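Q: Got a structure for you, questions after.
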Amino acid sequence: MGKYRNIIFYIVTIAVFSCLMYFFIIEGQTLEVGENIVVKTSTGSTWESFVESFKTNLHHPLALLLAQIVTIILVARLFGWICMKIKQPTVIGEMIAGIVLGPSLLGMYFPEFSSFLFPKESLGNLQFLSQIGLILFMYIVGMELDLSVLRKKAHDAVVISHASIIIPFALGIGLSYYIYQEFAPDGIQFTSFALFIAISMSITAFPVLARIVQERNLQKTKLGTIVITCAAADDITAWCILAAVIAIVKAGSFASSIYVILMAIGYVFFMIKIVRPFLKRIGDLQAGKNTINKPMVAIFFLTLILSAYVTEVIGIHALFGAFMAGAIMPENAKFRTLFIDKVEDVALVLLLPLFFVFTGLRTQIGLLNDGHLWMTAGFIILIATAGKFAGSALTAKFLGINWKESLTIGALMNTRGLMELIVLNIGYDLGVLGPEIFAMLVIMALFTTFMTGPALDFINYIFKSKKEEDTIQDHSGSKYRVLLSFDNPESGSTLLKLAHDFTNKMNGNKSITAMNIAPVDEMHAYEINEYENEQFKNVIETSHDLQLEVTTLFKASTDIENDLTNISNKGNYDLLLIMLGKSMYEGSLLGRLLGFTTKIINPEKLLNTVKGKGYIFNNSPFDDFTLQILDKTNIPVGVLVEKDFKSADKVFVPIFNLSDFYLLEYAKRLINNNNSQIIILDVAGQIRNNIEVKELIRSIEQVAPNHITLYNEKKIEKEFLNSQDLMLISSKSWKGLIDTKSIWLSDIPSALIISNP
């Protein structure tokens, strides 16, 4: 009876209270007597009433906003992924997504759908929500600025930065002189129009530039330090100028804006001298902790909102207040990282794409329907590039920096990205920029951001040094070169131990490189060194314990798979060692159908499946990441299935068919370098019938007697398997073991799956 007690209680409770509700409803209906009750009656059928209600719900402001958000995020992620694949910043794809969803494409070819999804009455909600996203984004930008670096290394950088502002600013005012009468909106003074054109020419996208510097491994070089410092100084200066420009435009003249500018100066002084020390004391309470408590989060968010509110009321825009609030955050890198992690997922993934689409809805490329207008757009791009690129590069050269680095600085400083769109939208909201000039400047922002990657590649190609060529040739020498790629400190240490077992006694004839490729979007400019040191800490300690010389290689990447395979193929390595990863949906029908990886849908795998290059129901023993590496690398790959691996002293090598015999070369290396005990299992009985293989085993026995044993049995006891340290197996045979669900998988301590390309 005890086991039915909960069921009986549940049924009785439901029944009693249902009867009680029914009683009150019946009695309540008697109270309607004498009241003017209006009963809604349907003029049509029940189905028609449902359809009408459904249509009303579709057009409800909240439902419409949610539909807009879903559409925007999906399209932005799609175009961002495409740009990532062609080695462009994802922000380019998000900017293009905004234009695609606007009147330039969707509105032109699918006007009914566009008017349904983005009706004019809904744009106000979208604008305010995107502004919240921008405020959070500018808060992050302010936090990502490392002011200590700016103070210590600002000598040449500030000169370059300010030259990269004043030169395009002057050219922008000159450009305005020629286009004012044709493109300035009615009633807008020349000064207001010229100042906004000038500031749009002068801006640099610090976040995009920082990501490119990380992606190209420039962050630890002198060039990387200079360009990051230049961008930081540029950001601070440009936003201060923008605040002054907004004040002047709103007031109508410089004289009328003097009070606003004085209030802005007072605000900045208050934030630096009063609020910043207060926040520092609060941040010191967080020292050494890995989390931020909710009261502290509330204090910093209130600081952000109040700062944005004050600057909006003063008249210099809420975004400047958000930027300032981020810049005065405590300079503890760990603290800033924790706080950015709390903010950026919502800001960058959910809210910021709304701003790109809102900008796209304002961008009417169809207005540029004349050759003259496109020539003007091209002229604007030319002036913008000449001012920023040439101004930065020539100033850097004047300060004694060589031509390659000077041109690289120019290319990076010419990146405008999202920051340009923010400036343009402010100008549009103030009525200073009309639809035509707005569209031209958006195109300029896209072009100058897009050209950064190709420009850097072209500069590197032109100045490719003899030293680099010699290095590439040196890599093709006689050394046995092992590359190990790891994603966390523990796996790096384990793979290094395995590499040591393969090369221990080779002395100067070996080269081991430990590589960590990290997702660039998960790091910030000021924490890169700390992140790298943390990743390589275990590897360095293990190398000291093993007395092993190791070369470390760190790279921030937007496409880990392709970068790993490119480095492996171009580096002339003899063996690549990686860990077997696990997919979230590994082994499931959903995973095989959609090509899921651990984070997102893998469109490449899905496309191959649709095109017939992949098999939906193929139960692969490897996760998607490992499969990509095996498919794209031209060198042998060792995939370690790690089960508390310590050393390869006792190694078991099952030979299933003739194609597995290449494993004996790796077994021989383990014997020569680690004195490993090798047990070879002739599963198919093919070794005794192959004279060449028998001779190879005999030659190994002559050099290292008692280190290799040949078994012809098809089954080995569980106790024997448990006594082994490592199983060497081919990738093809590993799949066979997975398919047959062999007992070996649960009994072997660790396995090294080696592919033979």
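Here's how to read the names in the structure tokens: chain A, B, ... by the order shown, residue numbers from 1 in each chain, ligand numbers from 1 in the order shown.
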Show me, as an MDAnalysis selection string, the residues that have an atom within 8 Å of region 482-484 of chain A when counting only C-alpha atoms, minus same-chain residues fewer than 3 positions from it.
A: chainID A and resid 492 495:496 499 510:515 568 573:578
Q: Would you mind exporting N, CA and C atoms of the selected residues as a PDB file, in the first residue's frame?
A:
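Result file is part.pdb:
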```pdb
ATOM      1  N   GLY A 492      47.558  18.743 -23.172  1.00  0.00           N
ATOM      2  CA  GLY A 492      48.875  19.115 -23.691  1.00  0.00           C
ATOM      3  C   GLY A 492      49.986  18.349 -22.992  1.00  0.00           C
ATOM      4  N   LEU A 495      49.875  14.580 -24.180  1.00  0.00           N
ATOM      5  CA  LEU A 495      50.405  14.392 -25.536  1.00  0.00           C
ATOM      6  C   LEU A 495      51.917  14.576 -25.571  1.00  0.00           C
ATOM      7  N   LEU A 496      52.445  15.462 -24.724  1.00  0.00           N
ATOM      8  CA  LEU A 496      53.895  15.664 -24.675  1.00  0.00           C
ATOM      9  C   LEU A 496      54.601  14.410 -24.160  1.00  0.00           C
ATOM     10  N   ALA A 499      54.684  12.068 -27.084  1.00  0.00           N
ATOM     11  CA  ALA A 499      55.702  12.490 -28.053  1.00  0.00           C
ATOM     12  C   ALA A 499      57.098  12.153 -27.552  1.00  0.00           C
ATOM     13  N   LYS A 510      65.506  15.404 -33.436  1.00  0.00           N
ATOM     14  CA  LYS A 510      64.065  15.494 -33.226  1.00  0.00           C
ATOM     15  C   LYS A 510      63.667  16.950 -33.006  1.00  0.00           C
ATOM     16  N   SER A 511      62.404  17.210 -33.245  1.00  0.00           N
ATOM     17  CA  SER A 511      61.845  18.539 -33.007  1.00  0.00           C
ATOM     18  C   SER A 511      60.395  18.355 -32.579  1.00  0.00           C
ATOM     19  N   ILE A 512      60.058  18.865 -31.399  1.00  0.00           N
ATOM     20  CA  ILE A 512      58.691  18.723 -30.877  1.00  0.00           C
ATOM     21  C   ILE A 512      58.091  20.114 -30.696  1.00  0.00           C
ATOM     22  N   THR A 513      56.929  20.313 -31.278  1.00  0.00           N
ATOM     23  CA  THR A 513      56.213  21.588 -31.177  1.00  0.00           C
ATOM     24  C   THR A 513      54.868  21.356 -30.515  1.00  0.00           C
ATOM     25  N   ALA A 514      54.614  22.098 -29.443  1.00  0.00           N
ATOM     26  CA  ALA A 514      53.315  22.038 -28.763  1.00  0.00           C
ATOM     27  C   ALA A 514      52.497  23.244 -29.191  1.00  0.00           C
ATOM     28  N   MET A 515      51.316  22.988 -29.729  1.00  0.00           N
ATOM     29  CA  MET A 515      50.507  24.063 -30.303  1.00  0.00           C
ATOM     30  C   MET A 515      49.137  24.129 -29.631  1.00  0.00           C
ATOM     31  N   SER A 568      49.809  22.116 -40.028  1.00  0.00           N
ATOM     32  CA  SER A 568      50.332  20.745 -40.103  1.00  0.00           C
ATOM     33  C   SER A 568      50.897  20.448 -41.483  1.00  0.00           C
ATOM     34  N   TYR A 573      55.769  18.460 -40.966  1.00  0.00           N
ATOM     35  CA  TYR A 573      55.838  17.609 -39.780  1.00  0.00           C
ATOM     36  C   TYR A 573      55.701  16.149 -40.193  1.00  0.00           C
ATOM     37  N   ASP A 574      56.275  15.267 -39.369  1.00  0.00           N
ATOM     38  CA  ASP A 574      56.198  13.832 -39.637  1.00  0.00           C
ATOM     39  C   ASP A 574      55.024  13.173 -38.926  1.00  0.00           C
ATOM     40  N   LEU A 575      54.545  13.787 -37.858  1.00  0.00           N
ATOM     41  CA  LEU A 575      53.445  13.206 -37.101  1.00  0.00           C
ATOM     42  C   LEU A 575      52.698  14.310 -36.362  1.00  0.00           C
ATOM     43  N   LEU A 576      51.371  14.262 -36.426  1.00  0.00           N
ATOM     44  CA  LEU A 576      50.519  15.177 -35.675  1.00  0.00           C
ATOM     45  C   LEU A 576      49.805  14.376 -34.595  1.00  0.00           C
ATOM     46  N   LEU A 577      49.898  14.829 -33.353  1.00  0.00           N
ATOM     47  CA  LEU A 577      49.226  14.163 -32.237  1.00  0.00           C
ATOM     48  C   LEU A 577      48.102  15.061 -31.725  1.00  0.00           C
ATOM     49  N   ILE A 578      46.905  14.495 -31.626  1.00  0.00           N
ATOM     50  CA  ILE A 578      45.757  15.227 -31.088  1.00  0.00           C
ATOM     51  C   ILE A 578      44.984  14.301 -30.149  1.00  0.00           C
TER      52      ILE A 578
END
```
Q: Do you know which residues are at most 9 Å from region 640-656 of chain A counting only C-alpha atoms, after dropping those on the same chain fewer than 3 positions away, and could you put them as an MDAnalysis selection string?
A: chainID A and resid 491 494:495 497:498 501:502 577:581 659:661 663:664 667 670:671 674:687 721 723:730 733 748:754
Q: Using only C-alpha atoms, find the one residue out of A:Val357, A:Ile241, A:Leu20, A:Ile11 that sits nearest to Val423 (chain A).
A: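 Nearest candidate to Val423 (chain A) out of A:Val357, A:Ile241, A:Leu20, A:Ile11: A:Ile241.
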Q: List the spatial neighbours of Pro454 (chain A) as a list in words - criterion: any atom at most 10 Å away, only C-alpha atoms, same-chain residues fewer than 5 positions off excluded.
A: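 Once the adjacent positions are removed, what remains is Lys87, Gln88, Ala411, Ile459 and Asn460 of chain A.
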Q: Next, the residues of the selection above should be written as a PDB file, in the first residue's frame with all heavy atoms.
A:
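The resulting file, result.pdb, is shown below:
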```pdb
ATOM      1  N   LYS A  87      37.959  33.894 -44.274  1.00  0.00           N
ATOM      2  CA  LYS A  87      38.994  34.618 -43.515  1.00  0.00           C
ATOM      3  C   LYS A  87      38.690  36.103 -43.394  1.00  0.00           C
ATOM      4  O   LYS A  87      39.574  36.949 -43.492  1.00  0.00           O
ATOM      5  CB  LYS A  87      40.370  34.427 -44.174  1.00  0.00           C
ATOM      6  CG  LYS A  87      40.839  32.981 -44.234  1.00  0.00           C
ATOM      7  CD  LYS A  87      41.083  32.414 -42.859  1.00  0.00           C
ATOM      8  CE  LYS A  87      41.621  30.992 -42.919  1.00  0.00           C
ATOM      9  NZ  LYS A  87      41.824  30.412 -41.574  1.00  0.00           N
ATOM     10  N   GLN A  88      37.414  36.422 -43.187  1.00  0.00           N
ATOM     11  CA  GLN A  88      37.003  37.796 -42.950  1.00  0.00           C
ATOM     12  C   GLN A  88      36.394  37.897 -41.551  1.00  0.00           C
ATOM     13  O   GLN A  88      35.865  36.908 -41.039  1.00  0.00           O
ATOM     14  CB  GLN A  88      35.972  38.246 -43.989  1.00  0.00           C
ATOM     15  CG  GLN A  88      36.539  38.541 -45.367  1.00  0.00           C
ATOM     16  CD  GLN A  88      37.396  39.798 -45.389  1.00  0.00           C
ATOM     17  OE1 GLN A  88      37.266  40.679 -44.558  1.00  0.00           O
ATOM     18  NE2 GLN A  88      38.293  39.868 -46.360  1.00  0.00           N
ATOM     19  N   ALA A 411      46.976  49.558 -42.902  1.00  0.00           N
ATOM     20  CA  ALA A 411      45.875  48.658 -43.267  1.00  0.00           C
ATOM     21  C   ALA A 411      44.969  48.375 -42.078  1.00  0.00           C
ATOM     22  O   ALA A 411      43.739  48.353 -42.199  1.00  0.00           O
ATOM     23  CB  ALA A 411      46.444  47.352 -43.826  1.00  0.00           C
ATOM     24  N   ILE A 459      50.514  42.759 -48.403  1.00  0.00           N
ATOM     25  CA  ILE A 459      51.724  43.364 -47.818  1.00  0.00           C
ATOM     26  C   ILE A 459      52.721  42.278 -47.411  1.00  0.00           C
ATOM     27  O   ILE A 459      53.925  42.387 -47.671  1.00  0.00           O
ATOM     28  CB  ILE A 459      51.345  44.238 -46.610  1.00  0.00           C
ATOM     29  CG1 ILE A 459      50.564  45.471 -47.078  1.00  0.00           C
ATOM     30  CG2 ILE A 459      52.586  44.681 -45.838  1.00  0.00           C
ATOM     31  CD1 ILE A 459      49.849  46.205 -45.968  1.00  0.00           C
ATOM     32  N   ASN A 460      52.220  41.208 -46.770  1.00  0.00           N
ATOM     33  CA  ASN A 460      53.103  40.104 -46.370  1.00  0.00           C
ATOM     34  C   ASN A 460      53.724  39.425 -47.580  1.00  0.00           C
ATOM     35  O   ASN A 460      54.880  38.994 -47.544  1.00  0.00           O
ATOM     36  CB  ASN A 460      52.320  39.074 -45.540  1.00  0.00           C
ATOM     37  CG  ASN A 460      51.974  39.586 -44.158  1.00  0.00           C
ATOM     38  OD1 ASN A 460      52.677  40.435 -43.619  1.00  0.00           O
ATOM     39  ND2 ASN A 460      50.889  39.100 -43.589  1.00  0.00           N
TER      40      ASN A 460
END
```
Q: Considering only C-alpha atoms, can you say which of A:Ala264, A:Met413, A:Leu430, A:Ile443 comes closest to Ile92 (chain A)?
A: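 The closest residue to Ile92 (chain A) is A:Ile443.
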Q: Can you pull out every residue from region 184-281 of chain A that DSSP, working from the backbone, puts in alpha helix (DSSP H), and format the result as a PyMOL selection string?
A: chain A and resi 190-202+206-215+222-251+258-270+276-281
Q: Find the residues around region 190-195 of chain A up to 10 Å (only C-alpha atoms counted), leave out those fewer than 2 positions away in its own chain, and share them as a short mmCIF file (atom, residue, chain, number, x, y, z; two decimals) with all heavy atoms, in the first residue's frame.
A:
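Output file part.cif follows:
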```cif
data_model
loop_
_atom_site.label_atom_id
_atom_site.label_comp_id
_atom_site.auth_asym_id
_atom_site.auth_seq_id
_atom_site.Cartn_x
_atom_site.Cartn_y
_atom_site.Cartn_z
N PHE A 169 40.32 63.53 -41.14
CA PHE A 169 39.33 64.53 -40.69
C PHE A 169 39.38 65.75 -41.62
O PHE A 169 38.34 66.24 -42.08
CB PHE A 169 39.64 64.93 -39.25
CG PHE A 169 38.49 65.57 -38.54
CD1 PHE A 169 37.60 64.82 -37.78
CD2 PHE A 169 38.28 66.95 -38.63
CE1 PHE A 169 36.54 65.42 -37.12
CE2 PHE A 169 37.21 67.55 -37.97
CZ PHE A 169 36.34 66.78 -37.21
N ALA A 170 40.60 66.20 -41.91
CA ALA A 170 40.76 67.35 -42.80
C ALA A 170 40.28 67.02 -44.21
O ALA A 170 39.60 67.83 -44.86
CB ALA A 170 42.22 67.79 -42.82
N GLY A 172 38.06 64.83 -44.95
CA GLY A 172 36.61 64.71 -44.89
C GLY A 172 35.93 66.06 -45.01
O GLY A 172 34.90 66.20 -45.69
N ILE A 173 36.48 67.07 -44.34
CA ILE A 173 35.91 68.43 -44.45
C ILE A 173 36.07 68.95 -45.87
O ILE A 173 35.17 69.58 -46.43
CB ILE A 173 36.58 69.36 -43.42
CG1 ILE A 173 36.13 68.97 -42.00
CG2 ILE A 173 36.23 70.82 -43.70
CD1 ILE A 173 36.74 69.79 -40.90
N GLY A 174 37.24 68.66 -46.47
CA GLY A 174 37.45 69.05 -47.87
C GLY A 174 36.46 68.37 -48.80
O GLY A 174 35.91 68.99 -49.72
N LEU A 175 36.20 67.07 -48.56
CA LEU A 175 35.21 66.33 -49.35
C LEU A 175 33.82 66.94 -49.20
O LEU A 175 33.07 67.06 -50.19
CB LEU A 175 35.20 64.86 -48.90
CG LEU A 175 34.11 63.96 -49.49
CD1 LEU A 175 34.36 63.76 -50.99
CD2 LEU A 175 34.08 62.61 -48.78
N SER A 176 33.50 67.34 -47.98
CA SER A 176 32.18 67.92 -47.71
C SER A 176 31.95 69.18 -48.54
O SER A 176 30.81 69.47 -48.95
CB SER A 176 32.04 68.26 -46.23
OG SER A 176 32.28 67.12 -45.44
N TYR A 177 33.00 69.92 -48.79
CA TYR A 177 32.90 71.17 -49.56
C TYR A 177 32.33 70.89 -50.96
O TYR A 177 31.58 71.69 -51.52
CB TYR A 177 34.27 71.82 -49.66
CG TYR A 177 34.30 73.07 -50.50
CD1 TYR A 177 33.85 74.30 -50.01
CD2 TYR A 177 34.79 73.02 -51.81
CE1 TYR A 177 33.88 75.43 -50.80
CE2 TYR A 177 34.83 74.15 -52.60
CZ TYR A 177 34.37 75.36 -52.10
OH TYR A 177 34.41 76.48 -52.88
N ILE A 179 30.52 68.03 -51.88
CA ILE A 179 29.28 67.24 -51.96
C ILE A 179 28.15 67.84 -51.13
O ILE A 179 27.03 67.32 -51.13
CB ILE A 179 29.52 65.78 -51.51
CG1 ILE A 179 29.93 65.73 -50.02
CG2 ILE A 179 30.57 65.11 -52.39
CD1 ILE A 179 30.04 64.30 -49.48
N TYR A 180 28.41 68.93 -50.43
CA TYR A 180 27.41 69.51 -49.51
C TYR A 180 26.12 69.88 -50.22
O TYR A 180 25.02 69.49 -49.81
CB TYR A 180 28.01 70.73 -48.80
CG TYR A 180 26.99 71.55 -48.04
CD1 TYR A 180 26.44 71.08 -46.85
CD2 TYR A 180 26.59 72.81 -48.51
CE1 TYR A 180 25.50 71.83 -46.15
CE2 TYR A 180 25.65 73.57 -47.82
CZ TYR A 180 25.11 73.07 -46.64
OH TYR A 180 24.19 73.81 -45.95
N GLN A 181 26.23 70.64 -51.30
CA GLN A 181 25.03 71.14 -51.96
C GLN A 181 24.16 70.01 -52.53
O GLN A 181 22.94 70.12 -52.56
CB GLN A 181 25.41 72.11 -53.08
CG GLN A 181 25.95 73.45 -52.55
CD GLN A 181 26.21 74.44 -53.66
OE1 GLN A 181 26.62 74.05 -54.76
NE2 GLN A 181 25.98 75.73 -53.39
N PHE A 183 24.18 66.58 -51.48
CA PHE A 183 23.79 65.48 -50.60
C PHE A 183 23.39 65.89 -49.19
O PHE A 183 22.87 65.06 -48.44
CB PHE A 183 24.94 64.46 -50.51
CG PHE A 183 25.26 63.80 -51.81
CD1 PHE A 183 26.41 64.14 -52.52
CD2 PHE A 183 24.40 62.85 -52.34
CE1 PHE A 183 26.70 63.53 -53.72
CE2 PHE A 183 24.69 62.24 -53.55
CZ PHE A 183 25.84 62.57 -54.25
N ALA A 184 23.63 67.12 -48.78
CA ALA A 184 23.23 67.53 -47.43
C ALA A 184 21.72 67.71 -47.37
O ALA A 184 21.12 68.29 -48.28
CB ALA A 184 23.93 68.83 -47.04
N PRO A 185 21.05 67.21 -46.32
CA PRO A 185 19.60 67.41 -46.18
C PRO A 185 19.26 68.90 -46.06
O PRO A 185 20.10 69.72 -45.65
CB PRO A 185 19.27 66.67 -44.88
CG PRO A 185 20.39 65.70 -44.68
CD PRO A 185 21.61 66.36 -45.24
N GLY A 187 18.17 72.38 -44.75
CA GLY A 187 18.20 73.01 -43.44
C GLY A 187 19.40 72.65 -42.59
O GLY A 187 19.50 73.12 -41.45
N ILE A 188 20.31 71.82 -43.10
CA ILE A 188 21.49 71.42 -42.33
C ILE A 188 22.66 72.34 -42.69
O ILE A 188 22.99 72.51 -43.88
CB ILE A 188 21.87 69.95 -42.61
CG1 ILE A 188 20.77 69.03 -42.11
CG2 ILE A 188 23.19 69.58 -41.94
CD1 ILE A 188 20.51 69.10 -40.62
N ILE A 197 30.81 64.11 -41.72
CA ILE A 197 31.56 63.44 -42.78
C ILE A 197 33.00 63.23 -42.32
O ILE A 197 33.60 62.15 -42.51
CB ILE A 197 31.53 64.27 -44.08
CG1 ILE A 197 30.11 64.35 -44.65
CG2 ILE A 197 32.48 63.67 -45.12
CD1 ILE A 197 29.55 63.03 -45.12
N ALA A 198 33.58 64.25 -41.68
CA ALA A 198 34.97 64.17 -41.23
C ALA A 198 35.16 63.10 -40.17
O ALA A 198 36.12 62.32 -40.23
CB ALA A 198 35.41 65.54 -40.69
N ILE A 199 34.25 63.02 -39.20
CA ILE A 199 34.40 62.02 -38.13
C ILE A 199 34.19 60.61 -38.68
O ILE A 199 34.83 59.64 -38.23
CB ILE A 199 33.44 62.31 -36.95
CG1 ILE A 199 33.89 61.52 -35.70
CG2 ILE A 199 32.02 61.96 -37.28
CD1 ILE A 199 35.17 61.98 -35.10
N SER A 200 33.33 60.47 -39.69
CA SER A 200 33.13 59.15 -40.30
C SER A 200 34.37 58.70 -41.06
O SER A 200 34.63 57.50 -41.20
CB SER A 200 31.92 59.17 -41.24
OG SER A 200 32.18 59.97 -42.37
N MET A 201 35.16 59.64 -41.56
CA MET A 201 36.42 59.31 -42.23
C MET A 201 37.50 58.92 -41.23
O MET A 201 38.45 58.22 -41.57
CB MET A 201 36.91 60.51 -43.05
CG MET A 201 36.02 60.94 -44.18
SD MET A 201 36.12 59.82 -45.58
CE MET A 201 34.52 60.08 -46.31
N ILE A 241 35.95 63.53 -29.71
CA ILE A 241 35.63 64.46 -30.81
C ILE A 241 34.17 64.31 -31.21
O ILE A 241 33.46 65.31 -31.46
CB ILE A 241 36.56 64.21 -32.01
CG1 ILE A 241 38.01 64.57 -31.66
CG2 ILE A 241 36.09 65.01 -33.23
CD1 ILE A 241 39.01 64.20 -32.74
N LEU A 242 33.69 63.05 -31.27
CA LEU A 242 32.30 62.81 -31.66
C LEU A 242 31.35 63.46 -30.66
O LEU A 242 30.33 64.05 -31.06
CB LEU A 242 32.03 61.31 -31.75
CG LEU A 242 30.60 60.91 -32.12
CD1 LEU A 242 30.25 61.43 -33.50
CD2 LEU A 242 30.41 59.40 -32.04
N ALA A 244 31.91 66.10 -28.92
CA ALA A 244 31.93 67.54 -29.20
C ALA A 244 31.14 67.85 -30.47
O ALA A 244 30.40 68.85 -30.52
CB ALA A 244 33.37 68.02 -29.33
N VAL A 245 31.28 67.01 -31.49
CA VAL A 245 30.56 67.22 -32.75
C VAL A 245 29.06 67.16 -32.52
O VAL A 245 28.29 67.99 -33.04
CB VAL A 245 31.01 66.18 -33.80
CG1 VAL A 245 30.08 66.20 -35.01
CG2 VAL A 245 32.44 66.44 -34.24
N ILE A 246 28.60 66.16 -31.73
CA ILE A 246 27.17 66.04 -31.44
C ILE A 246 26.66 67.28 -30.73
O ILE A 246 25.59 67.81 -31.04
CB ILE A 246 26.91 64.77 -30.59
CG1 ILE A 246 27.20 63.51 -31.42
CG2 ILE A 246 25.47 64.75 -30.08
CD1 ILE A 246 27.18 62.23 -30.60
N ILE A 248 27.90 70.30 -30.89
CA ILE A 248 27.88 71.43 -31.83
C ILE A 248 26.69 71.34 -32.77
O ILE A 248 26.00 72.33 -33.04
CB ILE A 248 29.21 71.50 -32.63
CG1 ILE A 248 30.37 71.85 -31.68
CG2 ILE A 248 29.11 72.50 -33.77
CD1 ILE A 248 31.74 71.66 -32.31
N VAL A 249 26.43 70.11 -33.28
CA VAL A 249 25.32 69.91 -34.21
C VAL A 249 24.00 70.22 -33.54
O VAL A 249 23.12 70.89 -34.11
CB VAL A 249 25.34 68.47 -34.77
CG1 VAL A 249 24.06 68.18 -35.54
CG2 VAL A 249 26.55 68.27 -35.67
N LYS A 250 23.81 69.74 -32.32
CA LYS A 250 22.55 69.98 -31.61
C LYS A 250 22.36 71.45 -31.26
O LYS A 250 21.24 71.98 -31.30
CB LYS A 250 22.50 69.13 -30.34
CG LYS A 250 22.23 67.64 -30.59
CD LYS A 250 22.05 66.89 -29.28
CE LYS A 250 21.63 65.46 -29.54
NZ LYS A 250 21.42 64.71 -28.27
N ALA A 251 23.46 72.13 -30.92
CA ALA A 251 23.37 73.55 -30.54
C ALA A 251 23.30 74.46 -31.75
O ALA A 251 22.81 75.59 -31.65
CB ALA A 251 24.56 73.92 -29.67
N GLY A 252 23.81 74.01 -32.89
CA GLY A 252 23.75 74.82 -34.10
C GLY A 252 25.04 75.53 -34.42
O GLY A 252 25.27 75.90 -35.56
N SER A 253 25.86 75.79 -33.40
CA SER A 253 27.15 76.44 -33.62
C SER A 253 28.07 76.13 -32.46
O SER A 253 27.63 75.68 -31.39
CB SER A 253 26.98 77.96 -33.76
OG SER A 253 26.56 78.51 -32.52
N PHE A 254 29.35 76.39 -32.66
CA PHE A 254 30.32 76.10 -31.59
C PHE A 254 30.05 76.97 -30.37
O PHE A 254 30.11 76.51 -29.23
CB PHE A 254 31.74 76.32 -32.10
CG PHE A 254 32.79 76.04 -31.05
CD1 PHE A 254 33.16 74.75 -30.74
CD2 PHE A 254 33.38 77.09 -30.34
CE1 PHE A 254 34.10 74.49 -29.76
CE2 PHE A 254 34.33 76.85 -29.37
CZ PHE A 254 34.70 75.54 -29.07
N GLY A 427 24.49 60.25 -36.88
CA GLY A 427 24.31 61.33 -37.85
C GLY A 427 22.95 61.27 -38.53
O GLY A 427 22.30 62.30 -38.76
N LEU A 430 20.23 62.41 -36.12
CA LEU A 430 20.25 63.87 -35.93
C LEU A 430 19.79 64.61 -37.18
O LEU A 430 19.65 65.84 -37.16
CB LEU A 430 21.67 64.33 -35.56
CG LEU A 430 22.17 63.89 -34.18
CD1 LEU A 430 23.63 64.28 -33.99
CD2 LEU A 430 21.32 64.50 -33.07
N GLY A 431 19.58 63.88 -38.30
CA GLY A 431 19.14 64.51 -39.53
C GLY A 431 20.25 65.15 -40.33
O GLY A 431 19.98 65.87 -41.31
N VAL A 432 21.50 64.90 -39.94
CA VAL A 432 22.64 65.51 -40.63
C VAL A 432 22.95 64.77 -41.93
O VAL A 432 23.41 65.37 -42.90
CB VAL A 432 23.88 65.52 -39.71
CG1 VAL A 432 25.10 66.09 -40.43
CG2 VAL A 432 23.59 66.32 -38.45
N LEU A 433 22.72 63.45 -41.93
CA LEU A 433 23.01 62.63 -43.11
C LEU A 433 21.71 62.20 -43.76
O LEU A 433 20.81 61.68 -43.08
CB LEU A 433 23.83 61.39 -42.72
CG LEU A 433 25.17 61.65 -42.02
CD1 LEU A 433 25.83 60.32 -41.64
CD2 LEU A 433 26.11 62.45 -42.92
N GLY A 434 21.61 62.41 -45.07
CA GLY A 434 20.43 61.98 -45.82
C GLY A 434 20.56 60.54 -46.26
O GLY A 434 21.63 59.92 -46.13
#
```
Q: Region 550-560 of chain A: which residues within 6 Å, counting only C-alpha atoms, same-chain residues fewer than 2 positions away excluded, as a list in words?
A: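 The filter keeps Gln214, Glu215, Asn217, Ile512, Thr513, Ala514, Met515, Asn516, Ile517, Ala518, Pro519, Val520, Asn562, Asp563 and Leu564 of chain A.
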Q: Any idea what's packed within 10 Å of region 72-86 of chain A, counting only C-alpha atoms, ignoring anything in its chain fewer than 4 positions away? Could you give it as a PyMOL selection string?
A: chain A and resi 66-68+90-98+100-101+349-358+450+453+557-559+562+602-603
Q: Quick one: distance from CA of Ser115 (chain A) to CA of Pro103 (chain A) in Å, one decimal?
A: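 Between CA of Ser115 (chain A) and CA of Pro103 (chain A) the gap is 9.7 Å.
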Q: Between CA of Thr311 (chain A) and CA of Ile292 (chain A), what is the distance in Å, rounded to a tenth?
A: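 The value is 27.2 Å.
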Q: Please tabulate, as CSV, the residues of region 313-398 of chain A that come within 10 Å of region 232-237 of chain A, each with its closest pair of atoms and the distance in Å to one decimal, counting only C-alpha atoms and ordering rows by chain, then residue number upward.
A:
```
residue,atom,partner,partner_atom,distance
A:Phe320,CA,A:Ile236,CA,9.8
A:Phe323,CA,A:Ile236,CA,8.9
A:Met324,CA,A:Ile236,CA,9.0
A:Ala327,CA,A:Ile236,CA,9.2
```
Q: Using only C-alpha atoms, can you tell me which of A:Gly224, A:Gly366, A:Gly326, A:Pro207 comes closest to Leu106 (chain A)?
A: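 Result for the nearest residue to Leu106 (chain A): A:Gly366.
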Q: Determine the nearest neighbour of Asn332 (chain A) from the options A:Val313, A:Ile14, A:Leu145, A:Leu441, counting only C-alpha atoms.
A: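 Comparing A:Val313, A:Ile14, A:Leu145, A:Leu441 against Asn332 (chain A), the winner is A:Leu145.
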